[in-house]
Amino acid sequence: MSDFLAPKDVLPHRDSLLLLRRILELDQDHLAAIAMVGTDCALDRGGVVPTTLLVEMAAQAAAYHASVGAVQDGNEPAEKGFLVRLRKVEFEVETMDSGREVVVRVSRVGAMGGLAMYDFKCSLEQREVSQGSLSIMTG
């Protein structure tokens, strides 16, 4: 049992759109989590989903980190957030099976006001399958 807030208690996503399942590690600049696309996801096609959902997993991890970080700093959690930028996103696979756990790691590399920049890496069974940078705006 972890001492971290459940993703459903931090993120606005619900049902099959909540891809972040559990937080593994969290500190001031980093987060590691388990994410998964369930078979009930609208993008599931016979047990296969596009790997572009790895970006959504990373964005949810970054949003969780930014929101929980605000609370730890004595501020209110962000009520809404937006993915505003992607850079140098790479995919090592074209599709992935739904129902598989993905380890998502985000590292905050900068912040200014409500804008936060993160590098991310996603792994399936200890194999890195996606990486890149993203920026989110909260407020």
# chains A, B, ... in the order shown; residues from 1 in each chain; ligands from 1
call {"tool": "residues_around", "arguments": {"residues": "range 17-21 of chain A", "least_positions_apart": "4", "cutoff": "8 Å", "atoms": "only C-alpha atoms", "output": "list in words"}}
result
Ala6, Pro7, Lys8, Leu11, His13, Ala33, Ile34, Ala35, Met36, Val37, Gly38, Cys41, Glu56, Met57, Gln60 and Ala61 of chain A
call {"tool": "write_last_selection", "arguments": {"atoms": "C-alpha atoms", "output": "PDB file, in the first residue's frame"}}
result
ATOM      1  CA  ALA A   6      -4.994   7.663  -6.131  1.00  0.00           C
ATOM      2  CA  PRO A   7      -4.877   9.097  -9.665  1.00  0.00           C
ATOM      3  CA  LYS A   8      -8.709   9.204  -9.725  1.00  0.00           C
ATOM      4  CA  LEU A  11      -6.987  13.836 -12.272  1.00  0.00           C
ATOM      5  CA  HIS A  13     -10.238  11.757 -16.224  1.00  0.00           C
ATOM      6  CA  ALA A  33       3.684   5.342 -12.307  1.00  0.00           C
ATOM      7  CA  ILE A  34       1.885   2.373 -13.770  1.00  0.00           C
ATOM      8  CA  ALA A  35      -0.500   3.181 -16.604  1.00  0.00           C
ATOM      9  CA  MET A  36      -2.698   0.935 -18.687  1.00  0.00           C
ATOM     10  CA  VAL A  37      -5.201   1.142 -21.524  1.00  0.00           C
ATOM     11  CA  GLY A  38      -8.083  -1.125 -20.590  1.00  0.00           C
ATOM     12  CA  CYS A  41     -11.183   1.897 -24.142  1.00  0.00           C
ATOM     13  CA  GLU A  56      -1.542  10.571 -23.017  1.00  0.00           C
ATOM     14  CA  MET A  57      -0.141   8.363 -20.261  1.00  0.00           C
ATOM     15  CA  GLN A  60      -1.538  12.303 -17.161  1.00  0.00           C
ATOM     16  CA  ALA A  61       1.613  11.507 -15.159  1.00  0.00           C
TER      17      ALA A  61
END
call {"tool": "residues_around", "arguments": {"residues": "Leu124 in chain A", "least_positions_apart": "5", "cutoff": "10 Å", "atoms": "only C-alpha atoms", "output": "PyMOL selection string"}}
result
chain A and resi 96+100-104+129-130
call {"tool": "write_last_selection", "arguments": {"atoms": "C-alpha atoms", "output": "PDB file, in the first residue's frame"}}
result
ATOM      1  CA  MET A  96       0.576  -2.281 -28.180  1.00  0.00           C
ATOM      2  CA  ARG A 100      -0.646  -4.324 -20.417  1.00  0.00           C
ATOM      3  CA  GLU A 101       1.019  -2.313 -17.696  1.00  0.00           C
ATOM      4  CA  VAL A 102       3.269   0.503 -18.864  1.00  0.00           C
ATOM      5  CA  VAL A 103       5.813   2.140 -16.557  1.00  0.00           C
ATOM      6  CA  VAL A 104       5.704   5.886 -17.146  1.00  0.00           C
ATOM      7  CA  VAL A 129       8.923   2.076 -26.119  1.00  0.00           C
ATOM      8  CA  SER A 130       8.490   5.862 -26.166  1.00  0.00           C
TER       9      SER A 130
END
call {"tool": "residues_around", "arguments": {"residues": "Lys80 in chain A", "least_positions_apart": "5", "cutoff": "9 Å", "atoms": "only C-alpha atoms", "output": "number ranges by chain"}}
result
A: 11-12, 137-139
call {"tool": "atom_distance", "arguments": {"atom1": "CA of Leu24 in chain A", "atom2": "CA of Tyr118 in chain A"}}
result
17.5 Å
call {"tool": "select_by_dssp", "arguments": {"residues": "chain A", "states": "strand (DSSP E or B)", "output": "VMD selection string"}}
result
chain A and resid 20 to 26 30 to 35 48 to 50 81 to 91 95 to 97 102 to 112 115 to 124 127 to 138
call {"tool": "write_last_selection", "arguments": {"atoms": "C-alpha atoms", "output": "compact mmCIF listing (two decimals), in the first residue's frame"}}
result
# COMPACT_ATOMS: atom_id res chain seq x y z
CA LEU A 20 -2.78 6.32 -14.86
CA ARG A 21 -3.43 3.46 -12.43
CA ARG A 22 -0.94 3.70 -9.57
CA ILE A 23 1.94 5.87 -8.41
CA LEU A 24 5.23 4.09 -7.72
CA GLU A 25 7.57 6.97 -6.89
CA LEU A 26 7.14 10.69 -6.37
CA HIS A 30 10.09 13.10 -10.72
CA LEU A 31 7.22 10.67 -10.86
CA ALA A 32 7.05 7.00 -11.82
CA ALA A 33 3.68 5.34 -12.31
CA ILE A 34 1.88 2.37 -13.77
CA ALA A 35 -0.50 3.18 -16.60
CA VAL A 48 -4.65 -3.60 -29.79
CA VAL A 49 -4.32 0.16 -29.22
CA PRO A 50 -2.20 2.85 -30.91
CA GLY A 81 -4.80 21.49 -17.24
CA PHE A 82 -3.89 21.30 -20.88
CA LEU A 83 -1.22 19.57 -22.90
CA VAL A 84 0.28 22.48 -24.83
CA ARG A 85 3.42 21.15 -26.47
CA LEU A 86 5.15 17.96 -27.57
CA ARG A 87 8.79 17.76 -28.68
CA LYS A 88 11.02 15.02 -29.98
CA VAL A 89 8.50 12.26 -29.34
CA GLU A 90 9.75 8.86 -30.44
CA PHE A 91 7.98 5.50 -30.59
CA THR A 95 0.85 -0.67 -31.59
CA MET A 96 0.58 -2.28 -28.18
CA ASP A 97 -1.77 -4.74 -26.54
CA VAL A 102 3.27 0.50 -18.86
CA VAL A 103 5.81 2.14 -16.56
CA VAL A 104 5.70 5.89 -17.15
CA ARG A 105 8.47 8.13 -15.83
CA VAL A 106 8.29 11.92 -16.00
CA SER A 107 10.97 14.39 -14.93
CA ARG A 108 10.21 18.08 -14.55
CA VAL A 109 12.90 20.02 -16.40
CA GLY A 110 11.45 23.49 -16.01
CA ALA A 111 8.52 25.53 -14.77
CA MET A 112 7.29 29.10 -14.99
CA LEU A 115 3.61 26.12 -17.35
CA ALA A 116 5.65 23.00 -16.59
CA MET A 117 7.99 21.15 -18.94
CA TYR A 118 8.68 17.44 -18.56
CA ASP A 119 10.79 14.76 -20.21
CA PHE A 120 9.12 11.37 -20.31
CA LYS A 121 9.91 7.71 -20.93
CA CYS A 122 7.46 4.84 -21.23
CA SER A 123 8.47 1.19 -20.86
CA LEU A 124 6.77 -2.13 -21.50
CA ARG A 127 11.86 -2.11 -22.73
CA GLU A 128 11.65 1.59 -23.51
CA VAL A 129 8.92 2.08 -26.12
CA SER A 130 8.49 5.86 -26.17
CA GLN A 131 10.23 9.02 -25.03
CA GLY A 132 9.99 12.73 -25.57
CA SER A 133 9.22 16.06 -23.98
CA LEU A 134 5.92 17.69 -23.19
CA SER A 135 4.63 20.88 -21.64
CA ILE A 136 1.43 21.31 -19.67
CA MET A 137 -0.39 24.43 -18.59
CA THR A 138 -2.38 24.33 -15.36
call {"tool": "atom_distance", "arguments": {"atom1": "CA of Leu54 in chain A", "atom2": "CA of Val10 in chain A"}}
result
19.3 Å
call {"tool": "closest_residue", "arguments": {"among": "A:Gly69, A:Val55, A:Phe4, A:Ser98", "to": "Leu43 in chain A", "atoms": "only C-alpha atoms"}}
result
A:Ser98
call {"tool": "select_by_dssp", "arguments": {"residues": "chain A", "states": "alpha helix (DSSP H)", "output": "PDB file with N, CA and C atoms, in the first residue's frame"}}
result
ATOM      1  N   LEU A  53      -1.193   6.599 -27.498  1.00  0.00           N
ATOM      2  CA  LEU A  53      -1.746   6.703 -26.144  1.00  0.00           C
ATOM      3  C   LEU A  53      -0.643   6.767 -25.086  1.00  0.00           C
ATOM      4  N   LEU A  54       0.575   6.402 -25.445  1.00  0.00           N
ATOM      5  CA  LEU A  54       1.693   6.553 -24.511  1.00  0.00           C
ATOM      6  C   LEU A  54       1.908   8.022 -24.160  1.00  0.00           C
ATOM      7  N   VAL A  55       1.669   8.899 -25.120  1.00  0.00           N
ATOM      8  CA  VAL A  55       1.775  10.340 -24.857  1.00  0.00           C
ATOM      9  C   VAL A  55       0.720  10.763 -23.850  1.00  0.00           C
ATOM     10  N   GLU A  56      -0.492  10.249 -23.981  1.00  0.00           N
ATOM     11  CA  GLU A  56      -1.542  10.571 -23.017  1.00  0.00           C
ATOM     12  C   GLU A  56      -1.185  10.053 -21.631  1.00  0.00           C
ATOM     13  N   MET A  57      -0.589   8.888 -21.559  1.00  0.00           N
ATOM     14  CA  MET A  57      -0.141   8.363 -20.261  1.00  0.00           C
ATOM     15  C   MET A  57       0.878   9.303 -19.632  1.00  0.00           C
ATOM     16  N   ALA A  58       1.832   9.770 -20.436  1.00  0.00           N
ATOM     17  CA  ALA A  58       2.853  10.690 -19.927  1.00  0.00           C
ATOM     18  C   ALA A  58       2.234  12.023 -19.516  1.00  0.00           C
ATOM     19  N   ALA A  59       1.269  12.512 -20.291  1.00  0.00           N
ATOM     20  CA  ALA A  59       0.607  13.775 -19.949  1.00  0.00           C
ATOM     21  C   ALA A  59      -0.162  13.643 -18.635  1.00  0.00           C
ATOM     22  N   GLN A  60      -0.832  12.511 -18.423  1.00  0.00           N
ATOM     23  CA  GLN A  60      -1.538  12.303 -17.161  1.00  0.00           C
ATOM     24  C   GLN A  60      -0.549  12.219 -16.001  1.00  0.00           C
ATOM     25  N   ALA A  61       0.593  11.584 -16.215  1.00  0.00           N
ATOM     26  CA  ALA A  61       1.613  11.507 -15.159  1.00  0.00           C
ATOM     27  C   ALA A  61       2.144  12.896 -14.823  1.00  0.00           C
ATOM     28  N   ALA A  62       2.406  13.711 -15.850  1.00  0.00           N
ATOM     29  CA  ALA A  62       2.886  15.071 -15.619  1.00  0.00           C
ATOM     30  C   ALA A  62       1.822  15.909 -14.902  1.00  0.00           C
ATOM     31  N   ALA A  63       0.563  15.759 -15.302  1.00  0.00           N
ATOM     32  CA  ALA A  63      -0.522  16.504 -14.651  1.00  0.00           C
ATOM     33  C   ALA A  63      -0.659  16.108 -13.193  1.00  0.00           C
ATOM     34  N   TYR A  64      -0.542  14.818 -12.906  1.00  0.00           N
ATOM     35  CA  TYR A  64      -0.592  14.352 -11.522  1.00  0.00           C
ATOM     36  C   TYR A  64       0.557  14.991 -10.737  1.00  0.00           C
ATOM     37  N   HIS A  65       1.764  14.942 -11.287  1.00  0.00           N
ATOM     38  CA  HIS A  65       2.931  15.509 -10.610  1.00  0.00           C
ATOM     39  C   HIS A  65       2.737  16.995 -10.343  1.00  0.00           C
ATOM     40  N   ALA A  66       2.283  17.731 -11.345  1.00  0.00           N
ATOM     41  CA  ALA A  66       2.088  19.179 -11.181  1.00  0.00           C
ATOM     42  C   ALA A  66       1.016  19.481 -10.144  1.00  0.00           C
ATOM     43  N   SER A  67      -0.061  18.732 -10.137  1.00  0.00           N
ATOM     44  CA  SER A  67      -1.160  18.983  -9.201  1.00  0.00           C
ATOM     45  C   SER A  67      -0.762  18.643  -7.767  1.00  0.00           C
ATOM     46  N   VAL A  68      -0.149  17.489  -7.571  1.00  0.00           N
ATOM     47  CA  VAL A  68       0.276  17.094  -6.228  1.00  0.00           C
ATOM     48  C   VAL A  68       1.392  18.015  -5.739  1.00  0.00           C
ATOM     49  N   GLY A  69       2.263  18.448  -6.646  1.00  0.00           N
ATOM     50  CA  GLY A  69       3.323  19.386  -6.269  1.00  0.00           C
ATOM     51  C   GLY A  69       2.771  20.703  -5.775  1.00  0.00           C
ATOM     52  N   ALA A  70       1.689  21.178  -6.384  1.00  0.00           N
ATOM     53  CA  ALA A  70       1.056  22.427  -5.948  1.00  0.00           C
ATOM     54  C   ALA A  70       0.536  22.286  -4.528  1.00  0.00           C
ATOM     55  N   VAL A  71      -0.083  21.152  -4.226  1.00  0.00           N
ATOM     56  CA  VAL A  71      -0.605  20.905  -2.874  1.00  0.00           C
ATOM     57  C   VAL A  71       0.542  20.849  -1.875  1.00  0.00           C
ATOM     58  N   GLN A  72       1.619  20.169  -2.237  1.00  0.00           N
ATOM     59  CA  GLN A  72       2.769  20.066  -1.334  1.00  0.00           C
ATOM     60  C   GLN A  72       3.395  21.432  -1.071  1.00  0.00           C
TER      61      GLN A  72
END
call {"tool": "atom_distance", "arguments": {"atom1": "CA of Thr51 in chain A", "atom2": "CA of Gly99 in chain A"}}
result
13.0 Å
